[in-house]
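Asker: Encoded as structure tokens, here's the structure I'll be asking about.
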Amino acid sequence: MNNKFSLFVIIIFLSFCFVIFYKGLNTPNTYTPMVNDKKNIPAFKAKDFYSNNYVNSDKIFEENIFYIVNIWASWCVPCRAEHPLLMELSKNQSIKVIGINYRDNFNNAKKFIGDFGNPYSRILIDKDGTLGIEFGAYGVPETFLIDKNKDIIKKFVGPINQEIVNEIKLIIK
Amino acid sequence: MKILKIFIVLFLVTNFSELRSDEINDVLKNKILKNIRCLICQGQSVYDSESEFASSIKLIVDRKINEGLKEKQIYQFLREKYGDWIIYSPQLSKNTYILWLLPILLFLIGGVIIQKKIQKKNEK
């Protein structure tokens, strides 16, 4: 009886370990951020790129339309690759693209915009990267899609591609 | 002269207490930073990392401490932005209950086995 009980406990324990390890093997050990969690946009105050005045987030997102927030920098190579796609998105009337210039030099950033075009209806300065943290960003480039309820409904880590642009267009339709 | 002495003592006491509060903030800041995972680094805490992400987090934590936020509130703020993964010591939630309850369960099972063995020994 006692032996049967011990055997039962051991079998249960081993099966438990097996399930845990089996589940562990199936999950990749690299961290993938929770990108599709709906979150409200953070309340913040940031410096405007051109006027150098502080603006409140409620002033930036005051219109009842979709917004794209794109974190970029002139020193960021993937940002150059995604820039034409942002230009394409900026032509859409039902969306506004807001740029967050991340840890950049003002003149370099201005030259970048001059060379590649300006898809942003407003650019904010994030000198120390803390504004990016408010959005839950990891670095550059990163893009957030904000709906009419001012919720962040999509987060794209890394440069956007044509597939993502199509996805955004489908959502804002 | 006596008044001057009292004044000097008061001056020193108030200055020392100011230094202490700074020190307390530094200790708290370091404690928090050691418990935050640098999400873009390999196995490093924000405290150990020099990456841009880590330096921004350090600034945010510093700012939040100065705003008067408590340790738990700062963790909560970061959890809202990045999820549970950013904190090294996870909270008890539906995703982590096995992690928290397993040691207790194993302890209880062990206790039952030991008790059974003792009972068996006593019966003999």
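The way I read the labels, and the way they are meant: chains A, B, ... in the order of the structure tokens, residue 1 as the first residue of every chain, and ligand 1 as the first ligand shown, with later ones counted on from there.
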Go through chain B and flag each residue having an atom no more than 10 Å from chain A; for those, report the closest pair of atoms plus their distance in Å to one decimal, using only C-alpha atoms, ordered by chain and rising number, as a tab-separated table.
Answerer:
residue	atom	partner	partner_atom	distance
B:Cys38	CA	A:Tyr138	CA	9.7
B:Leu39	CA	A:Tyr138	CA	7.5
B:Ile40	CA	A:Tyr138	CA	7.1
B:Gln42	CA	A:Thr30	CA	9.8
B:Glu52	CA	A:Gly129	CA	7.6
B:Phe53	CA	A:Tyr138	CA	6.3
B:Ala54	CA	A:Tyr138	CA	9.6
B:Ser55	CA	A:Gly129	CA	8.2
B:Ser56	CA	A:Gly129	CA	5.2
B:Ile57	CA	A:Ile133	CA	7.1
B:Lys58	CA	A:Thr130	CA	9.3
B:Leu59	CA	A:Thr130	CA	7.2
B:Ile60	CA	A:Thr130	CA	6.3
B:Arg63	CA	A:Thr130	CA	9.9
B:Phe77	CA	A:Glu134	CA	9.2
B:Leu78	CA	A:Gly136	CA	8.3
B:Arg79	CA	A:Gly136	CA	9.6
B:Glu80	CA	A:Gly136	CA	8.4
B:Lys81	CA	A:Gly136	CA	4.6
B:Tyr82	CA	A:Gly136	CA	5.9
B:Gly83	CA	A:Met34	CA	7.3
B:Trp85	CA	A:Tyr31	CA	8.5
B:Ile98	CA	A:Ile20	CA	10.0
B:Leu106	CA	A:Phe13	CA	9.4
B:Ile109	CA	A:Val9	CA	8.7
B:Ile113	CA	A:Ser6	CA	8.4
B:Lys116	CA	A:Asn2	CA	9.0
B:Lys117	CA	A:Asn2	CA	9.7
B:Lys120	CA	A:Asn2	CA	9.7
Asker: Which residues come within 6 Å of Arg37 (chain B), counting only C-alpha atoms, excluding same-chain residues fewer than 4 positions away, as a PyMOL selection string?
Answerer: chain B and resi 45-46+86-87
Asker: Pick out the closest residue to Asn166 (chain A) from this set: A:Leu85, A:Ile65, A:Glu142, A:Asn107. Count only C-alpha atoms.
Answerer: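 Closest residue, counting only C-alpha atoms: A:Leu85.
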Asker: Which of region 6-133 of chain A end up as helix (DSSP H, G or I) when DSSP is run on this backbone - answer as a PyMOL selection string?
Answerer: chain A and resi 6-26+57-60+77-90+106-116+130-133
Asker: For each of A:Gly158, A:Gly24, A:Pro141, A:Pro119, take the minimum atom-to-atom distance to Lys91 (chain A), counting only C-alpha atoms, then give the residue where this is smallest.
Answerer: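 For Lys91 (chain A), the nearest of the given residues is A:Pro119.
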Asker: Need to verify the contact set: Phe156 (chain A), 7 Å, only C-alpha atoms, exclusion of same-chain residues closer than 4 positions in sequence. Can you return it as a PyMOL selection string?
Answerer: chain A and resi 142-144+160
Asker: Between A:Asn56, A:Ser94, A:Asn149, A:Asn118, which residue has the minimum interatomic distance to Lys169 (chain A), considering only C-alpha atoms?
Answerer: A:Ser94
Asker: Determine, counting only C-alpha atoms, which protein, DNA and RNA residues have an atom within 12 Å of an atom of Lys72 (chain B); residues of the same chain fewer than 4 positions away are not included. Present the result as a count of residues only.
Answerer: 16
Asker: May I ask for the distance between CA of Lys121 (chain B) and CA of Phe8 (chain A), given in Å to one decimal place?
Answerer: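 These two atoms are separated by 21.1 Å.
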Asker: How many Å lie between CA of Asn52 (chain A) and CA of Ile125 (chain A), rounded to one decimal?
Answerer: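 Here the two named atoms are 8.5 Å from each other.
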